[in-house]
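> Handing over structure_39.txt, compact mmCIF, C-alpha atoms.
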```
# COMPACT_ATOMS: atom_id res chain seq x y z
CA MET A 60 9.98 -16.38 33.43
CA ALA A 61 8.90 -15.31 29.99
CA ASN A 62 11.04 -12.75 28.21
CA LEU A 63 9.10 -9.64 27.13
CA GLU A 64 11.96 -8.13 25.17
CA SER A 65 10.88 -7.09 21.70
CA THR A 66 12.72 -6.65 18.42
CA PHE A 67 10.82 -4.93 15.62
CA LEU A 68 12.75 -4.33 12.40
CA GLY A 69 15.92 -4.68 14.46
CA ILE A 70 14.71 -2.01 16.91
CA LYS A 71 15.00 -3.35 20.44
CA SER A 72 12.80 -2.43 23.39
CA PRO A 73 12.41 -4.00 26.85
CA ASN A 74 8.76 -4.86 26.14
CA PRO A 75 6.42 -4.81 23.13
CA PHE A 76 4.30 -1.89 24.36
CA TRP A 77 4.84 1.38 22.48
CA LEU A 78 2.88 4.58 22.82
CA ALA A 79 1.27 5.48 19.50
CA SER A 80 1.81 8.76 17.69
CA ALA A 81 -0.71 11.02 19.44
CA PRO A 82 -1.01 13.76 22.09
CA PRO A 83 0.83 11.64 24.74
CA THR A 84 3.99 11.66 22.61
CA ASP A 85 4.01 15.33 21.61
CA LYS A 86 6.82 16.55 23.83
CA LYS A 87 9.75 15.60 26.00
CA ILE A 88 8.04 15.84 29.38
CA ASN A 89 5.32 13.37 28.35
CA VAL A 90 7.70 10.89 26.77
CA MET A 91 10.10 11.03 29.73
CA ARG A 92 7.22 10.24 32.08
CA ALA A 93 6.14 7.39 29.83
CA PHE A 94 9.60 5.85 29.82
CA GLU A 95 9.91 6.28 33.58
CA ALA A 96 6.62 4.40 33.91
CA GLY A 97 8.01 1.52 31.85
CA TRP A 98 6.87 1.87 28.23
CA GLY A 99 9.10 0.03 25.79
CA GLY A 100 9.00 2.69 23.10
CA VAL A 101 7.13 5.63 21.63
CA VAL A 102 6.15 6.89 18.22
CA TRP A 103 6.67 10.64 18.50
CA LYS A 104 3.66 12.66 17.43
CA THR A 105 3.62 13.38 13.70
CA LEU A 106 6.00 16.10 12.50
CA GLY A 107 5.38 18.14 9.37
CA SER A 108 4.56 21.61 8.15
CA GLN A 109 3.43 24.06 10.82
CA VAL A 110 -0.26 23.79 11.71
CA LYS A 111 -2.68 25.48 14.09
CA ASN A 112 -5.00 23.32 16.17
CA VAL A 113 -8.49 24.25 17.34
CA SER A 114 -10.41 24.11 20.62
CA SER A 115 -12.10 21.89 21.63
CA ARG A 116 -10.54 18.78 20.13
CA TYR A 117 -11.89 15.64 21.79
CA SER A 118 -15.21 13.89 22.30
CA THR A 119 -16.16 10.42 23.48
CA LEU A 120 -18.74 7.71 23.16
CA ASP A 121 -19.89 6.78 26.67
CA TYR A 122 -22.26 3.85 27.05
CA ASN A 123 -24.37 2.53 29.89
CA GLY A 124 -22.31 4.31 32.53
CA GLN A 125 -18.94 3.37 31.08
CA LYS A 126 -16.76 6.31 30.10
CA VAL A 127 -14.66 6.45 26.93
CA VAL A 128 -15.92 3.36 25.13
CA GLY A 129 -14.83 5.25 22.02
CA PHE A 130 -12.66 8.34 21.68
CA ASN A 131 -12.83 10.94 18.91
CA ASN A 132 -10.31 13.66 18.16
CA ILE A 133 -9.89 16.41 15.58
CA GLU A 134 -6.36 17.31 16.62
CA LEU A 135 -3.86 17.65 13.79
CA ILE A 136 -0.16 16.80 13.74
CA SER A 137 2.20 18.47 16.19
CA ASP A 138 1.71 22.23 16.28
CA ARG A 139 5.03 22.79 18.05
CA PRO A 140 8.00 24.20 16.10
CA LEU A 141 9.90 21.50 14.24
CA ASP A 142 13.28 22.44 15.67
CA ILE A 143 12.00 22.09 19.24
CA ASN A 144 10.56 18.65 18.53
CA LEU A 145 13.79 17.48 16.91
CA ARG A 146 15.89 18.77 19.80
CA GLU A 147 13.69 17.09 22.38
CA ILE A 148 13.72 13.78 20.50
CA LYS A 149 17.51 13.81 20.62
CA GLU A 150 17.47 14.60 24.34
CA VAL A 151 15.07 11.78 25.18
CA ILE A 152 17.16 9.27 23.23
CA ARG A 153 20.20 10.32 25.23
CA GLU A 154 18.31 9.84 28.52
CA PHE A 155 16.74 6.48 27.58
CA PRO A 156 19.03 4.71 25.09
CA ASP A 157 17.37 1.33 25.72
CA ARG A 158 13.90 2.44 24.56
CA ALA A 159 12.57 2.50 21.01
CA MET A 160 12.22 5.98 19.52
CA ILE A 161 10.18 6.10 16.31
CA VAL A 162 9.21 9.43 14.73
CA SER A 163 5.99 9.86 12.79
CA LEU A 164 6.24 12.05 9.68
CA MET A 165 3.80 13.73 7.30
CA ALA A 166 5.62 15.98 4.85
CA ASP A 167 4.19 18.05 2.02
CA ASN A 168 3.53 15.98 -1.08
CA ASN A 169 6.79 16.44 -2.92
CA ARG A 170 10.07 14.55 -2.96
CA GLU A 171 12.17 17.38 -1.57
CA ALA A 172 9.93 17.91 1.47
CA TRP A 173 10.02 14.23 2.35
CA HIS A 174 13.79 14.01 1.86
CA ASP A 175 14.27 17.00 4.13
CA MET A 176 12.04 15.60 6.90
CA VAL A 177 13.64 12.17 6.79
CA LYS A 178 17.18 13.57 6.95
CA LYS A 179 16.35 15.85 9.88
CA THR A 180 14.75 12.95 11.71
CA MET A 181 17.75 10.68 11.18
CA ASP A 182 20.00 13.41 12.57
CA THR A 183 18.27 13.05 15.95
CA GLY A 184 19.42 9.46 16.32
CA ALA A 185 15.86 8.11 16.07
CA HIS A 186 15.65 4.36 15.59
CA GLY A 187 12.90 4.40 12.98
CA ILE A 188 10.34 6.42 11.03
CA GLU A 189 6.60 5.92 10.79
CA LEU A 190 4.86 7.42 7.75
CA ASN A 191 1.44 8.81 8.67
CA PHE A 192 -0.81 7.74 5.79
CA GLY A 193 -3.92 7.65 7.92
CA CYS A 194 -4.93 10.92 9.60
CA PRO A 195 -8.64 11.21 8.63
CA HIS A 196 -9.25 14.88 9.44
CA GLY A 197 -7.69 18.23 8.69
CA MET A 198 -4.69 16.93 6.78
CA VAL A 199 -6.87 15.15 4.20
CA GLU A 200 -7.99 18.51 2.84
CA ARG A 201 -4.32 19.30 2.24
CA GLY A 202 -3.73 16.12 0.24
CA MET A 203 -1.99 14.38 3.14
CA GLY A 204 -2.81 11.71 5.71
CA ALA A 205 -5.64 9.37 4.71
CA SER A 206 -5.81 10.87 1.22
CA VAL A 207 -2.38 9.30 0.64
CA GLY A 208 -3.24 6.00 2.32
CA GLN A 209 -6.45 5.68 0.30
CA ASP A 210 -4.59 5.79 -3.02
CA PRO A 211 -2.15 2.88 -3.36
CA GLU A 212 -0.21 4.49 -6.21
CA ILE A 213 0.35 7.74 -4.33
CA ALA A 214 1.26 5.81 -1.19
CA LYS A 215 3.81 3.78 -3.12
CA MET A 216 5.30 6.92 -4.68
CA VAL A 217 5.77 8.62 -1.31
CA VAL A 218 7.38 5.52 0.18
CA GLU A 219 9.77 5.39 -2.75
CA TRP A 220 10.75 9.01 -2.08
CA VAL A 221 11.38 8.19 1.56
CA MET A 222 13.41 5.06 0.82
CA GLU A 223 15.73 7.05 -1.45
CA VAL A 224 17.29 8.66 1.63
CA ALA A 225 16.18 6.62 4.67
CA LYS A 226 18.96 4.77 6.46
CA ILE A 227 16.81 3.65 9.39
CA PRO A 228 13.75 1.34 9.35
CA VAL A 229 10.57 2.76 7.81
CA ILE A 230 7.09 1.76 9.01
CA THR A 231 4.02 2.79 7.00
CA LYS A 232 0.87 3.49 9.03
CA LEU A 233 -2.28 2.56 7.11
CA THR A 234 -5.72 4.12 7.14
CA PRO A 235 -8.80 2.01 7.98
CA ASN A 236 -11.01 4.39 5.99
CA VAL A 237 -10.99 1.99 3.04
CA HIS A 238 -12.79 -1.21 2.06
CA SER A 239 -9.56 -3.19 2.37
CA VAL A 240 -6.10 -2.28 3.63
CA VAL A 241 -4.44 -4.96 1.50
CA PRO A 242 -4.02 -2.95 -1.77
CA ALA A 243 -2.35 -0.03 0.01
CA ALA A 244 -0.21 -2.40 2.07
CA GLN A 245 0.95 -4.26 -1.02
CA ALA A 246 1.72 -0.96 -2.73
CA VAL A 247 3.88 0.44 0.05
CA ILE A 248 5.71 -2.86 0.34
CA ALA A 249 6.45 -2.62 -3.38
CA GLY A 250 7.67 0.91 -2.68
CA GLY A 251 10.17 -0.45 -0.17
CA THR A 252 8.66 0.05 3.29
CA ASN A 253 10.25 -2.17 5.93
CA GLY A 254 7.15 -2.62 8.08
CA LEU A 255 3.49 -1.75 8.54
CA SER A 256 1.36 -0.38 11.35
CA LEU A 257 -2.42 -0.19 11.65
CA ILE A 258 -5.01 0.99 12.25
CA ASN A 259 -5.05 4.74 12.24
CA THR A 260 -8.28 6.37 13.40
CA ILE A 261 -11.68 5.96 11.74
CA GLN A 262 -13.77 8.91 10.52
CA SER A 263 -16.64 9.43 12.92
CA VAL A 264 -19.24 11.55 14.64
CA THR A 265 -19.55 10.47 18.27
CA GLY A 266 -22.79 12.28 19.02
CA ILE A 267 -24.76 15.52 19.06
CA ASP A 268 -25.51 17.87 21.95
CA LEU A 269 -29.32 17.81 21.96
CA ASP A 270 -29.47 21.29 23.49
CA THR A 271 -27.18 23.13 21.06
CA LEU A 272 -27.71 20.65 18.17
CA VAL A 273 -23.96 20.83 17.47
CA PRO A 274 -22.08 17.54 16.96
CA ASN A 275 -19.17 16.88 19.31
CA PRO A 276 -16.60 18.28 19.62
CA ASN A 277 -17.97 21.80 19.44
CA VAL A 278 -15.71 24.44 17.89
CA GLY A 279 -17.60 27.73 18.03
CA GLY A 280 -20.88 26.13 17.05
CA GLN A 281 -19.50 23.83 14.35
CA SER A 282 -17.85 20.44 14.15
CA VAL A 283 -16.13 18.12 11.67
CA PHE A 284 -15.61 14.40 11.21
CA GLY A 285 -12.99 13.24 13.69
CA GLY A 286 -10.70 10.26 14.15
CA TYR A 287 -12.30 7.46 16.19
CA CYS A 288 -10.24 5.17 18.40
CA GLY A 289 -10.43 3.44 21.79
CA PRO A 290 -11.93 0.08 22.83
CA ALA A 291 -14.82 0.37 20.36
CA VAL A 292 -12.52 0.07 17.32
CA LYS A 293 -10.63 -3.02 18.49
CA PRO A 294 -12.75 -5.54 16.50
CA ILE A 295 -12.24 -3.49 13.32
CA ALA A 296 -8.51 -3.26 13.92
CA LEU A 297 -8.26 -7.02 14.46
CA LYS A 298 -10.10 -7.66 11.20
CA PHE A 299 -7.78 -5.43 9.17
CA LEU A 300 -4.74 -6.89 10.92
CA THR A 301 -5.85 -10.43 10.07
CA THR A 302 -6.28 -9.62 6.39
CA LEU A 303 -2.64 -8.49 6.27
CA ALA A 304 -1.45 -11.54 8.18
CA GLN A 305 -3.27 -13.81 5.71
CA ASP A 306 -2.11 -12.15 2.50
CA SER A 307 0.87 -13.80 0.80
CA ILE A 308 2.63 -10.45 0.24
CA THR A 309 1.79 -8.38 3.29
CA LYS A 310 2.41 -11.17 5.81
CA LYS A 311 6.10 -11.08 4.93
CA VAL A 312 6.73 -7.77 6.70
CA PRO A 313 6.37 -7.17 10.46
CA ILE A 314 3.21 -5.40 11.63
CA SER A 315 2.75 -3.09 14.60
CA GLY A 316 -0.80 -3.47 15.88
CA ILE A 317 -2.90 -0.45 16.89
CA GLY A 318 -6.56 0.09 17.75
CA GLY A 319 -8.33 -0.08 21.10
CA ILE A 320 -5.61 -1.89 23.04
CA SER A 321 -6.31 -1.29 26.72
CA THR A 322 -5.12 -4.45 28.50
CA TRP A 323 -2.56 -7.23 28.20
CA LYS A 324 -5.33 -9.47 26.85
CA ASP A 325 -5.93 -7.05 23.99
CA ALA A 326 -2.21 -7.06 23.22
CA ALA A 327 -2.08 -10.86 23.25
CA GLU A 328 -5.00 -11.00 20.80
CA PHE A 329 -3.27 -8.60 18.41
CA MET A 330 -0.09 -10.64 18.53
CA LEU A 331 -1.93 -13.92 18.02
CA LEU A 332 -3.37 -12.39 14.84
CA GLY A 333 0.01 -11.37 13.49
CA ALA A 334 1.24 -8.19 15.21
CA SER A 335 4.86 -8.30 16.33
CA ASN A 336 4.28 -5.52 18.86
CA VAL A 337 1.49 -3.09 19.79
CA GLN A 338 0.90 0.63 20.11
CA VAL A 339 -1.40 2.22 22.70
CA CYS A 340 -2.95 5.68 22.95
CA THR A 341 -6.52 6.04 24.26
CA ALA A 342 -6.01 3.80 27.30
CA ALA A 343 -3.00 5.87 28.37
CA MET A 344 -4.98 9.09 27.93
CA HIS A 345 -7.81 7.62 30.01
CA TYR A 346 -5.86 5.98 32.83
CA GLY A 347 -2.33 7.38 32.71
CA PHE A 348 1.04 5.95 31.79
CA ARG A 349 1.31 3.45 34.65
CA ILE A 350 -1.12 1.05 32.98
CA VAL A 351 1.90 -0.37 31.18
CA ARG A 352 2.92 -2.12 34.40
CA ASP A 353 -0.29 -4.16 34.46
CA MET A 354 0.10 -4.84 30.74
CA CYS A 355 3.61 -6.21 31.21
CA ASP A 356 2.73 -8.25 34.31
CA GLY A 357 -0.40 -9.70 32.74
CA LEU A 358 1.28 -10.65 29.47
CA ASN A 359 4.23 -12.13 31.37
CA ASN A 360 1.98 -14.26 33.57
CA TRP A 361 -0.07 -15.50 30.59
CA MET A 362 3.07 -16.42 28.67
CA ASP A 363 4.38 -18.35 31.69
CA GLU A 364 1.07 -20.17 31.99
CA LYS A 365 1.10 -21.13 28.32
CA GLY A 366 4.80 -21.99 28.24
CA TYR A 367 5.80 -19.25 25.79
CA LYS A 368 9.36 -18.07 26.36
CA THR A 369 9.36 -15.11 23.95
CA ILE A 370 6.87 -12.95 22.09
CA ASP A 371 7.78 -14.65 18.82
CA ASP A 372 6.58 -17.99 20.19
CA PHE A 373 2.92 -17.03 19.76
CA VAL A 374 2.82 -14.26 17.15
CA GLY A 375 0.36 -15.29 14.42
CA LEU A 376 -0.81 -18.57 15.98
CA SER A 377 -4.49 -17.65 15.58
CA VAL A 378 -4.24 -16.56 11.93
CA PRO A 379 -4.80 -20.06 10.44
CA LYS A 380 -7.95 -20.37 12.56
CA VAL A 381 -9.65 -17.56 10.61
CA THR A 382 -11.15 -18.98 7.42
CA ARG A 383 -13.94 -18.26 4.95
CA TRP A 384 -17.57 -18.88 5.91
CA GLU A 385 -18.06 -21.50 3.21
CA GLU A 386 -15.20 -23.57 4.69
CA LEU A 387 -16.78 -23.87 8.16
CA ASP A 388 -17.96 -27.28 9.39
CA ILE A 389 -21.72 -27.42 8.94
CA ASN A 390 -22.00 -30.61 11.01
CA TYR A 391 -20.56 -28.86 14.07
CA HIS A 392 -23.50 -27.95 16.31
CA ILE A 393 -23.86 -26.63 19.84
CA THR A 394 -26.85 -26.16 22.12
CA ALA A 395 -27.29 -24.07 25.24
CA LYS A 396 -27.54 -25.44 28.76
CA ILE A 397 -28.73 -23.46 31.79
CA ASP A 398 -27.23 -24.17 35.23
CA GLN A 399 -30.32 -23.98 37.39
CA ASP A 400 -28.24 -23.54 40.57
CA ALA A 401 -26.52 -20.48 39.12
CA CYS A 402 -29.61 -18.97 37.45
CA ILE A 403 -30.96 -15.78 39.07
CA HIS A 404 -34.25 -16.07 37.15
CA CYS A 405 -33.97 -12.66 35.50
CA GLY A 406 -35.50 -13.93 32.28
CA LEU A 407 -33.14 -12.07 29.95
CA CYS A 408 -32.30 -15.25 28.04
CA TYR A 409 -35.96 -16.06 27.52
CA ILE A 410 -36.88 -12.54 26.39
CA ALA A 411 -33.97 -12.37 23.92
CA CYS A 412 -34.65 -15.79 22.45
CA GLU A 413 -38.44 -15.46 22.37
CA ASP A 414 -38.53 -11.97 20.86
CA THR A 415 -35.55 -11.97 18.52
CA SER A 416 -34.27 -15.49 17.91
CA HIS A 417 -35.64 -19.02 17.72
CA GLN A 418 -38.10 -19.47 20.61
CA SER A 419 -35.85 -22.18 22.03
CA ILE A 420 -36.35 -21.55 25.76
CA ASP A 421 -39.26 -22.85 27.83
CA ILE A 422 -40.64 -20.84 30.72
CA VAL A 423 -42.35 -22.42 33.69
CA ARG A 424 -44.06 -19.67 35.62
CA GLY A 425 -43.92 -20.11 39.34
CA ASN A 426 -43.82 -18.58 42.75
CA PRO A 427 -41.52 -16.99 43.80
CA TYR A 428 -39.75 -17.10 40.43
CA ASN A 429 -39.92 -18.46 36.91
CA THR A 430 -37.76 -21.31 35.68
CA TYR A 431 -36.16 -21.47 32.23
CA THR A 432 -34.97 -24.53 30.30
CA ILE A 433 -33.57 -25.03 26.80
CA LYS A 434 -35.57 -26.82 24.09
CA GLU A 435 -32.61 -28.72 22.66
CA GLU A 436 -34.44 -29.74 19.50
CA GLU A 437 -35.13 -26.07 18.68
CA CYS A 438 -31.80 -24.52 19.78
CA VAL A 439 -29.59 -23.46 16.86
CA GLY A 440 -26.56 -22.66 19.02
CA CYS A 441 -26.49 -18.95 18.21
CA ASN A 442 -25.00 -17.95 21.62
CA LEU A 443 -27.46 -15.09 22.19
CA CYS A 444 -28.77 -16.42 25.51
CA LYS A 445 -25.22 -16.86 26.80
CA ILE A 446 -24.28 -13.38 25.65
CA VAL A 447 -27.15 -11.63 27.45
CA CYS A 448 -26.96 -13.71 30.63
CA PRO A 449 -25.52 -11.57 33.47
CA VAL A 450 -24.14 -14.56 35.42
CA LYS A 451 -20.78 -15.96 34.34
CA ASP A 452 -20.98 -19.58 33.19
CA CYS A 453 -24.67 -19.88 34.08
CA ILE A 454 -25.34 -20.67 30.41
CA THR A 455 -22.84 -22.87 28.62
CA MET A 456 -22.76 -24.21 25.08
CA GLU A 457 -22.40 -27.97 24.62
CA GLU A 458 -21.41 -29.73 21.41
CA HIS A 459 -24.01 -31.93 19.72
CA ARG A 460 -22.78 -32.78 16.23
CA LYS A 461 -25.27 -33.20 13.41
CA GLY A 462 -23.08 -35.78 11.70
CA PRO A 463 -19.84 -37.71 12.24
CA GLU A 464 -17.76 -36.06 9.49
CA ASN A 465 -16.55 -32.55 8.93
CA ILE A 466 -18.36 -31.11 5.93
CA ASN A 467 -18.42 -27.52 4.72
CA TRP A 468 -20.86 -25.64 2.52
CA ILE A 469 -18.83 -26.22 -0.65
CA GLU A 470 -18.83 -29.99 -0.12
CA TRP A 471 -22.48 -29.90 0.90
CA GLN A 472 -23.39 -28.40 -2.46
CA LYS A 473 -21.13 -30.79 -4.40
CA ARG A 474 -22.96 -33.74 -2.93
CA GLY A 475 -26.34 -32.22 -3.65
CA LEU A 476 -27.52 -32.75 -0.07
CA PRO A 477 -30.94 -31.34 0.81
CA LEU A 478 -30.96 -28.15 2.87
CA ASN A 479 -33.76 -29.39 5.12
CA ASP A 480 -31.90 -32.58 6.04
CA HIS A 481 -29.64 -30.95 8.59
```
Rewrite the coordinates I just gave you, this time as structure tokens.


Amino acid sequence: MANLESTFLGIKSPNPFWLASAPPTDKKINVMRAFEAGWGGVVWKTLGSQVKNVSSRYSTLDYNGQKVVGFNNIELISDRPLDINLREIKEVIREFPDRAMIVSLMADNNREAWHDMVKKTMDTGAHGIELNFGCPHGMVERGMGASVGQDPEIAKMVVEWVMEVAKIPVITKLTPNVHSVVPAAQAVIAGGTNGLSLINTIQSVTGIDLDTLVPNPNVGGQSVFGGYCGPAVKPIALKFLTTLAQDSITKKVPISGIGGISTWKDAAEFMLLGASNVQVCTAAMHYGFRIVRDMCDGLNNWMDEKGYKTIDDFVGLSVPKVTRWEELDINYHITAKIDQDACIHCGLCYIACEDTSHQSIDIVRGNPYNTYTIKEEECVGCNLCKIVCPVKDCITMEEHRKGPENINWIEWQKRGLPLNDH
């Protein structure tokens, strides 16, 4: 059987699934339940100066009958007294010495405050520290959170303060509320951080109550931009992760992947694009802590099927497959094919192609149903018909090369080939 044991910055856990810094990791009772359910580690909810949270705090994007496609929150860092959090962290470590205990921190923006927080955290016996440079609401107005992560020089300075006293691994959590995460990542690496994690939540408005006209969540008739997470942000997280895994500097440090991970398949995708482990939040809040069992079983079975013995065997394998558009093979071409035995004659492929794409599907009107076929000479291989088809594998894409050699856009231009000769 595959071995799911994970080592991140020397921190060992029985599996690569950690709970992210968030409401599920705010106190001992939650974390104990998580460990009893089988989670490999947790990042304790961010500790810092005392705050006061508001009510309500959460809202969601629901779509086409599916709940919690995206999740939005305006909750700040832990509003529990610091001494209680520190005591409970120590108690959990004593109860579960084989699990990873990372503590998220967000101190006031001065060296002494950070030194004090780091020292108090190390006194608990925690295995690592995660620096919260990504909170997009509430703390930004105080010069913390994303306001630090959005300024590489400030981020580097804070990491340098932390590294002056830290004797346990330090992970820096990056904000996605930037054009590129690479500059901030390079800066904090220069400052001495041992690892990176991303993404934190994305500024958002999930919707408006059309009766009250107040955006969600409603706090006494007002709202603010919140932090967006859940399945909807996964593609964005994977993009940012890949940019770090491709960069010559940032790829040298381990990355903890975060953002919309709900299943073992999501986790595998993050690892294939460079994450050494993953952190989960929204899925646990939606379905409960026991989802980790399915995640472990699914990942284990997939690894067995592929012949991977350890997590490290496949981390980053998909990174070289992500290139620039101008390096793609222009001679590679696919066309759609409809399985007439599987077709339910709904016409969605025809409508989508006829109205919005390339008019590449013929319709033969009949009784009792219409029949649809692909015009191969017109099909550009865009995948739209396959995407909208409700029947699995009814529409497949078959390769029909335009030429025998691989040639990309750069070479095409060098040769001066005509654009209409393809």

> How many Å lie between CA of Glu147 (chain A) and CA of Gly347 (chain A), rounded to one decimal?

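If I compute the distance from CA of Glu147 (chain A) to CA of Gly347 (chain A), I get 21.4 Å.
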
> How would you write as a PDB file with C-alpha atoms, keeping the file's coordinate frame the residues that get within 9 Å of (10.5, -11.2, 27.5) in the file's frame, counting all atoms listed in the file?


```
ATOM      1  CA  MET A  60       9.980 -16.380  33.430  1.00  0.00           C
ATOM      2  CA  ALA A  61       8.900 -15.310  29.990  1.00  0.00           C
ATOM      3  CA  ASN A  62      11.040 -12.750  28.210  1.00  0.00           C
ATOM      4  CA  LEU A  63       9.100  -9.640  27.130  1.00  0.00           C
ATOM      5  CA  GLU A  64      11.960  -8.130  25.170  1.00  0.00           C
ATOM      6  CA  SER A  65      10.880  -7.090  21.700  1.00  0.00           C
ATOM      7  CA  PRO A  73      12.410  -4.000  26.850  1.00  0.00           C
ATOM      8  CA  ASN A  74       8.760  -4.860  26.140  1.00  0.00           C
ATOM      9  CA  PRO A  75       6.420  -4.810  23.130  1.00  0.00           C
ATOM     10  CA  ASN A 359       4.230 -12.130  31.370  1.00  0.00           C
ATOM     11  CA  LYS A 368       9.360 -18.070  26.360  1.00  0.00           C
ATOM     12  CA  THR A 369       9.360 -15.110  23.950  1.00  0.00           C
ATOM     13  CA  ILE A 370       6.870 -12.950  22.090  1.00  0.00           C
TER      14      ILE A 370
END
```

> Can you work out which one of A:Val381, A:Leu358, A:Ala249, A:Val162 has the shortest atom-to-atom distance to Val218 (chain A), counting all atoms listed in the file?

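The closest residue to Val218 (chain A) is A:Ala249.
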
> Could you please give me, as a count of residues only, the residues of protein, DNA or RNA lying at most 9 Å from (-13.8, 16.1, 12.3) in the coordinate frame of the file, considering all atoms listed in the file?

18

> What gap, in Å, lies between CA of Leu269 (chain A) and CA of Cys288 (chain A)?

23.2 Å

> For each of A:Val273, A:Ala304, A:Ile70, A:Val439, take the minimum atom-to-atom distance to Asn390 (chain A), counting only C-alpha atoms, then give the residue where this is smallest.

A:Val439

> Extract, using only C-alpha atoms, all DNA, RNA and protein residues at most 12 Å from Glu386 (chain A), discarding same-chain residues fewer than 6 positions from it, and format them as an MDAnalysis selection string.

chainID A and resid 380 465:472

> Keeping C-alpha atoms for every residue in the selection just given, could you write it to a file as a short mmCIF file (atom, residue, chain, number, x, y, z; two decimals), keeping the file's coordinate frame?


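And here is the file that came out, out_11.cif:
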```
data_model
loop_
_atom_site.label_atom_id
_atom_site.label_comp_id
_atom_site.auth_asym_id
_atom_site.auth_seq_id
_atom_site.Cartn_x
_atom_site.Cartn_y
_atom_site.Cartn_z
CA LYS A 380 -7.95 -20.37 12.56
CA ASN A 465 -16.55 -32.55 8.93
CA ILE A 466 -18.36 -31.11 5.93
CA ASN A 467 -18.42 -27.52 4.72
CA TRP A 468 -20.86 -25.64 2.52
CA ILE A 469 -18.83 -26.22 -0.65
CA GLU A 470 -18.83 -29.99 -0.12
CA TRP A 471 -22.48 -29.90 0.90
CA GLN A 472 -23.39 -28.40 -2.46
#
```

> Listed atoms of region 190-195 of chain A, axis-aligned box, 3 Å per side: centre and edge lengths to one decimal in Å, as AutoDock Vina command-line options?


```
--center_x -1.9 --center_y 9.3 --center_z 7.7 --size_x 19.5 --size_y 9.8 --size_z 9.8
```

> I'd like the contact shell of Lys461 (chain A) - 9 Å cut-off, all atoms listed in the file, skipping same-chain residues fewer than 4 positions apart - returned as a ChimeraX atom specification.

/A:389-392,481

> Could you please take those selected residues and save C-alpha atoms as a PDB file, in the frame of the given file?


```
ATOM      1  CA  ILE A 389     -21.720 -27.420   8.940  1.00  0.00           C
ATOM      2  CA  ASN A 390     -22.000 -30.610  11.010  1.00  0.00           C
ATOM      3  CA  TYR A 391     -20.560 -28.860  14.070  1.00  0.00           C
ATOM      4  CA  HIS A 392     -23.500 -27.950  16.310  1.00  0.00           C
ATOM      5  CA  HIS A 481     -29.640 -30.950   8.590  1.00  0.00           C
TER       6      HIS A 481
END
```

> Could you check the closest approach to Asp353 (chain A) for each of A:Ser321, A:Gly366, A:Val90, A:Arg474 and tell me which residue wins, using all atoms listed in the file?

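Ranking A:Ser321, A:Gly366, A:Val90, A:Arg474 by distance to Asp353 (chain A), first place goes to A:Ser321.
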
> Counting all atoms listed in the file, figure out which residue out of A:Gly187, A:Pro211, A:Gly97, A:Gly375 gets nearest to Asp356 (chain A).

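Ranking A:Gly187, A:Pro211, A:Gly97, A:Gly375 by distance to Asp356 (chain A), first place goes to A:Gly97.
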
> Find the distance between CA of Asp306 (chain A) and CA of Leu387 (chain A) and write it in Å to one decimal.

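According to the coordinates, CA of Asp306 (chain A) and CA of Leu387 (chain A) are separated by 19.6 Å.
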
> Within 9 Å of region 98-103 of chain A, counting all atoms listed in the file, which residues show up once you throw out same-chain ones fewer than 2 positions away? Write them as a count of residues only, please.

42

> Write out as an NGL selection string the residues lying within 8 Å of Ala225 (chain A), counting all atoms listed in the file and excluding same-chain residues fewer than 2 positions away.

:A and (177-178 or 181 or 221-223 or 227-229)

> If we count only C-alpha atoms, what is near region 393-404 of chain A at a cut-off of 10 Å, once residues fewer than 2 positions away on the same chain are taken out, given as a PyMOL selection string?

chain A and resi 390-391+406-409+419-420+427-445+448-461

> Give the answer as one residue: which of A:Pro379, A:Pro477, A:Pro294, A:Gly318 has the shortest atom-to-atom distance to Leu331 (chain A), using only C-alpha atoms?

A:Pro379

> Could you check the closest approach to Asn89 (chain A) for each of A:Glu212, A:Ser239, A:Phe130, A:Met344 and tell me which residue wins, using only C-alpha atoms?

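Checking each of A:Glu212, A:Ser239, A:Phe130, A:Met344 against Asn89 (chain A), counting only C-alpha atoms, the winner is A:Met344.
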
> For region 265-271 of chain A, supply N, CA and C atoms and report the output as a PDB file, in the coordinates of the input.


```pdb
ATOM      1  N   THR A 265     -19.231  11.224  17.050  1.00  0.00           N
ATOM      2  CA  THR A 265     -19.550  10.470  18.270  1.00  0.00           C
ATOM      3  C   THR A 265     -20.911  10.805  18.848  1.00  0.00           C
ATOM      4  N   GLY A 266     -21.474  11.941  18.490  1.00  0.00           N
ATOM      5  CA  GLY A 266     -22.790  12.280  19.020  1.00  0.00           C
ATOM      6  C   GLY A 266     -23.087  13.759  18.838  1.00  0.00           C
ATOM      7  N   ILE A 267     -24.295  14.139  19.212  1.00  0.00           N
ATOM      8  CA  ILE A 267     -24.760  15.520  19.060  1.00  0.00           C
ATOM      9  C   ILE A 267     -25.309  16.019  20.393  1.00  0.00           C
ATOM     10  N   ASP A 268     -24.938  17.216  20.768  1.00  0.00           N
ATOM     11  CA  ASP A 268     -25.510  17.870  21.950  1.00  0.00           C
ATOM     12  C   ASP A 268     -26.961  18.230  21.625  1.00  0.00           C
ATOM     13  N   LEU A 269     -27.903  17.621  22.296  1.00  0.00           N
ATOM     14  CA  LEU A 269     -29.320  17.810  21.960  1.00  0.00           C
ATOM     15  C   LEU A 269     -29.873  19.140  22.434  1.00  0.00           C
ATOM     16  N   ASP A 270     -29.060  19.925  23.143  1.00  0.00           N
ATOM     17  CA  ASP A 270     -29.470  21.290  23.490  1.00  0.00           C
ATOM     18  C   ASP A 270     -29.008  22.287  22.436  1.00  0.00           C
ATOM     19  N   THR A 271     -27.722  22.191  22.054  1.00  0.00           N
ATOM     20  CA  THR A 271     -27.180  23.130  21.060  1.00  0.00           C
ATOM     21  C   THR A 271     -27.351  22.627  19.639  1.00  0.00           C
TER      22      THR A 271
END
```
